[in-house]
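These notes concern the structure reproduced below.
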Amino acid sequence: MNFRLVTAALFASNTRMHDWISVIILGIIEGITEFLPVSSTGHLLIAEKFLHDHQTDLFNVVIQSGAVLAVIPLFWGRFHQFIYRWREPATRDYMSKIIVAFGLTCVGGYILEKKHFKLPEELRPVALALLIGGILFVAIETFLKEKKLSERITWAVAIAVGIGQLIAAVFPGASRSGTTILISLLLGLNRPLATEFSFLVGIPTMLAASGWKIFKTFHHPAIDAPHENWPMVLLATIIAAAVSFVAVKWLLRFIQTHTFIAFGWYRIVLGAAILLATLMGVWSN
């Protein structure tokens, strides 16, 4: 028996096993963090660094679409309203605000695309964004304690949510849902409505981003995804969808009786730990 051939076969097998495990872990992380206010992009980047498994932008965007699609049934009441009661003034008002917030994000995203903006892949900016966002959550929730919050989504909230999505797109670790929920709370909207509106605006936003990325990949395959492993992408997407459904269902119940302070402290601890590790050279940036 050729020892070199056996060694090569074992190494190839271990490599494939590592790929499977990495993809499963990334799918789980995406599913948990996509809608929780802790930054899915930041967590994926941290996990990829830890696993020594750098994935393409396409991989990260497509598995996000799986997480997004999975939560649609959780908001079926709203979608039923949009489809069958769209003539009602209240429904049109709500839909208009979602469209405006989504439109602002699209315009800003188009400008970033034209400017060839690329997300930083270093851990230090992610750690800082997590840390700052966590401090803001704790500070804002403490400020809002005992205050009566509004049950009406204003145009100011809609516009701010669109801008908030752009902020999160530029700063990995800021969290799209975290940024938009924070802004909505600051403008006086209550937690359940702030969360629902953030999620409903996020659905077309993430699906549009995924569709655009997939279109670009098939239009310029040699440039955008020369060696994309589509079975692995599909596996991670399915896992992300299943986990996301459970995570969001839990979150929607949690915020009925709790604040976001726990998420703020989680972000502070994680951000501070990663920042300290990079500054001390324990973990490369």
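Order determines the names: the first chain of the structure tokens is A, the second B, and so forth; residues in each chain are numbered 1 upward, and ligands are numbered 1 upward as they are shown.
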
Quick one: contact table of region 144-215 of chain A to region 262-283 of chain A, 10 Å max, nearest atom pair and distance in Å to one decimal per residue, counting only C-alpha atoms, chain and number order, as CSV?
```
residue,atom,partner,partner_atom,distance
A:Gly173,CA,A:Gly271,CA,8.9
A:Ala174,CA,A:Arg267,CA,9.9
A:Gly178,CA,A:Phe263,CA,9.3
```

Could you turn the residues from that selection into a file that holds all heavy atoms, as a PDB file, in the first residue's frame?
```pdb
ATOM      1  N   GLY A 173     -20.962  44.630  11.995  1.00  0.00           N
ATOM      2  CA  GLY A 173     -20.972  44.576  13.450  1.00  0.00           C
ATOM      3  C   GLY A 173     -22.010  45.512  14.030  1.00  0.00           C
ATOM      4  O   GLY A 173     -22.427  45.366  15.181  1.00  0.00           O
ATOM      5  N   ALA A 174     -22.454  46.502  13.227  1.00  0.00           N
ATOM      6  CA  ALA A 174     -23.467  47.440  13.714  1.00  0.00           C
ATOM      7  C   ALA A 174     -24.815  46.737  13.866  1.00  0.00           C
ATOM      8  O   ALA A 174     -25.577  47.026  14.781  1.00  0.00           O
ATOM      9  CB  ALA A 174     -23.594  48.624  12.768  1.00  0.00           C
ATOM     10  N   GLY A 178     -30.367  45.695  14.745  1.00  0.00           N
ATOM     11  CA  GLY A 178     -29.985  46.439  15.935  1.00  0.00           C
ATOM     12  C   GLY A 178     -30.012  47.932  15.720  1.00  0.00           C
ATOM     13  O   GLY A 178     -30.549  48.690  16.543  1.00  0.00           O
TER      14      GLY A 178
END
```

Q: From a DSSP calculation on the backbone, collect every residue of region 48-149 of chain A in alpha helix (DSSP H) and output the set as a PyMOL selection string.
A: chain A and resi 48-51+57-70+76-84+89-114+123-144

Q) So which one's closest to Ala129 (chain A), A:Phe215, A:Phe171, A:Phe199, A:Phe245? Using only C-alpha atoms, please. A)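 That would be A:Phe171, the residue with the smallest distance to Ala129 (chain A).
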
Q | Point-to-point distance from CA of Leu144 (chain A) to CA of Leu74 (chain A), Å rounded to tenths | A |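 So the answer is 27.5 Å.
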
**Q.** Residue contacts of Ala158 (chain A) (12 Å, only C-alpha atoms) excluding same-chain residues fewer than 4 positions away, as an MDAnalysis selection string
**A.** chainID A and resid 93:105 152:154 162:165 180:181 183:184 187 189 193:194 197:198 200:201

Selection from above, N, CA and C atoms, as a compact mmCIF listing (two decimals), in the first residue's frame, can you write it?
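Once written, again.txt looks like this:
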```txt
# COMPACT_ATOMS: atom_id res chain seq x y z
N ASP A 93 -50.95 53.32 4.52
CA ASP A 93 -49.98 54.14 5.25
C ASP A 93 -48.79 53.29 5.69
N TYR A 94 -49.07 52.12 6.24
CA TYR A 94 -48.01 51.21 6.72
C TYR A 94 -47.15 50.74 5.55
N MET A 95 -47.80 50.34 4.46
CA MET A 95 -47.07 49.87 3.28
C MET A 95 -46.20 50.98 2.69
N SER A 96 -46.74 52.19 2.66
CA SER A 96 -45.98 53.32 2.11
C SER A 96 -44.70 53.56 2.89
N LYS A 97 -44.80 53.42 4.20
CA LYS A 97 -43.62 53.64 5.04
C LYS A 97 -42.57 52.55 4.85
N ILE A 98 -43.03 51.33 4.65
CA ILE A 98 -42.08 50.24 4.35
C ILE A 98 -41.40 50.51 3.01
N ILE A 99 -42.18 50.94 2.01
CA ILE A 99 -41.63 51.20 0.67
C ILE A 99 -40.61 52.34 0.71
N VAL A 100 -40.90 53.39 1.47
CA VAL A 100 -39.98 54.53 1.57
C VAL A 100 -38.68 54.10 2.24
N ALA A 101 -38.79 53.38 3.35
CA ALA A 101 -37.58 52.92 4.05
C ALA A 101 -36.75 52.01 3.15
N PHE A 102 -37.42 51.10 2.46
CA PHE A 102 -36.74 50.19 1.53
C PHE A 102 -36.12 50.97 0.37
N GLY A 103 -36.86 51.97 -0.15
CA GLY A 103 -36.36 52.76 -1.27
C GLY A 103 -35.10 53.54 -0.91
N LEU A 104 -35.08 54.13 0.29
CA LEU A 104 -33.89 54.85 0.74
C LEU A 104 -32.68 53.92 0.81
N THR A 105 -32.91 52.71 1.31
CA THR A 105 -31.82 51.74 1.39
C THR A 105 -31.32 51.35 0.00
N ARG A 152 -47.42 54.17 17.25
CA ARG A 152 -47.64 54.69 15.90
C ARG A 152 -46.29 54.88 15.19
N ILE A 153 -46.20 54.29 14.01
CA ILE A 153 -44.99 54.43 13.20
C ILE A 153 -45.10 55.72 12.40
N THR A 154 -44.23 56.66 12.69
CA THR A 154 -44.26 57.95 12.00
C THR A 154 -43.38 57.91 10.75
N GLY A 162 -34.68 53.48 7.10
CA GLY A 162 -33.97 53.35 5.82
C GLY A 162 -32.52 53.77 5.93
N ILE A 163 -32.28 54.89 6.63
CA ILE A 163 -30.91 55.37 6.83
C ILE A 163 -30.14 54.41 7.74
N GLY A 164 -30.83 53.88 8.76
CA GLY A 164 -30.19 52.94 9.68
C GLY A 164 -29.70 51.69 8.98
N GLN A 165 -30.46 51.22 7.99
CA GLN A 165 -30.01 50.04 7.24
C GLN A 165 -28.73 50.33 6.47
N THR A 180 -31.62 49.70 13.34
CA THR A 180 -32.96 50.22 13.05
C THR A 180 -33.86 50.18 14.28
N ILE A 181 -33.73 49.16 15.10
CA ILE A 181 -34.53 49.09 16.33
C ILE A 181 -34.10 50.19 17.29
N ILE A 183 -32.77 53.12 16.58
CA ILE A 183 -33.26 54.40 16.08
C ILE A 183 -34.76 54.55 16.34
N SER A 184 -35.51 53.48 16.12
CA SER A 184 -36.95 53.52 16.35
C SER A 184 -37.27 53.76 17.82
N LEU A 187 -36.77 57.32 18.73
CA LEU A 187 -37.85 58.18 18.21
C LEU A 187 -39.18 57.90 18.90
N LEU A 189 -40.85 54.85 19.47
CA LEU A 189 -41.70 53.71 19.09
C LEU A 189 -41.51 52.57 20.09
N LEU A 193 -43.45 47.02 18.06
CA LEU A 193 -43.65 47.66 16.76
C LEU A 193 -42.32 48.00 16.10
N ALA A 194 -41.34 48.43 16.89
CA ALA A 194 -40.01 48.74 16.35
C ALA A 194 -39.39 47.49 15.75
N PHE A 197 -41.45 46.38 12.48
CA PHE A 197 -41.20 47.25 11.33
C PHE A 197 -39.77 47.03 10.80
N SER A 198 -38.82 46.89 11.70
CA SER A 198 -37.44 46.61 11.29
C SER A 198 -37.36 45.33 10.48
N LEU A 200 -39.87 43.75 8.85
CA LEU A 200 -40.63 43.83 7.60
C LEU A 200 -39.88 44.63 6.53
N VAL A 201 -39.17 45.67 6.94
CA VAL A 201 -38.34 46.41 5.98
C VAL A 201 -37.13 45.57 5.57
```

(Q) Counting only C-alpha atoms, which residue out of A:Gly27, A:Val243, A:Gly109, A:Arg176 sits closest to Val62 (chain A)? (A)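 Looking at the shortest contact to Val62 (chain A), the residue is A:Gly27.
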
Q. Quick one, how far is CA of Ile24 (chain A) from CA of His227 (chain A)?
A.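 Rounded to one decimal, the two atoms are 19.1 Å apart.
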
Q: Would you mind listing what lies within 12 Å of Lys213 (chain A) as a VMD selection string, with only C-alpha atoms counted and same-chain residues fewer than 3 positions away left out?
A: chain A and resid 56 to 65 113 206 to 210 216 to 221 223 to 225

Q. In terms of the shortest atom-to-atom distance over only C-alpha atoms, which of A:Glu30, A:Leu182, A:Glu196, A:Lys249 is closest to Ile135 (chain A)?
A.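 Selected residue with least distance to Ile135 (chain A): A:Leu182.
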
Q: Find, counting only C-alpha atoms, the residue in A:Leu131, A:Ala67, A:Leu234, A:Ile239 that gets nearest to Gly42 (chain A).
A: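 Answer, going by the shortest atom-to-atom distance: A:Leu131.
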
Q) Could you work out how far CA of Phe79 (chain A) lies from CA of Val248 (chain A), giving the answer in Å with one decimal? A)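 Separating CA of Val248 (chain A) from CA of Phe79 (chain A) is a distance of 16.6 Å.
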
Q) So which one's closest to Ala47 (chain A), A:Ile28, A:Tyr84, A:Phe35, A:Gly108? Using only C-alpha atoms, please. A)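 Ranked by minimum distance to Ala47 (chain A), first place goes to A:Ile28.
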
Q: Return the single residue from A:Lys49, A:Val68, A:Ala168, A:Ile21 that is closest to Ala240 (chain A), with distances computed using only C-alpha atoms.
A: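 Counting only C-alpha atoms, the residue closest to Ala240 (chain A) is A:Val68.
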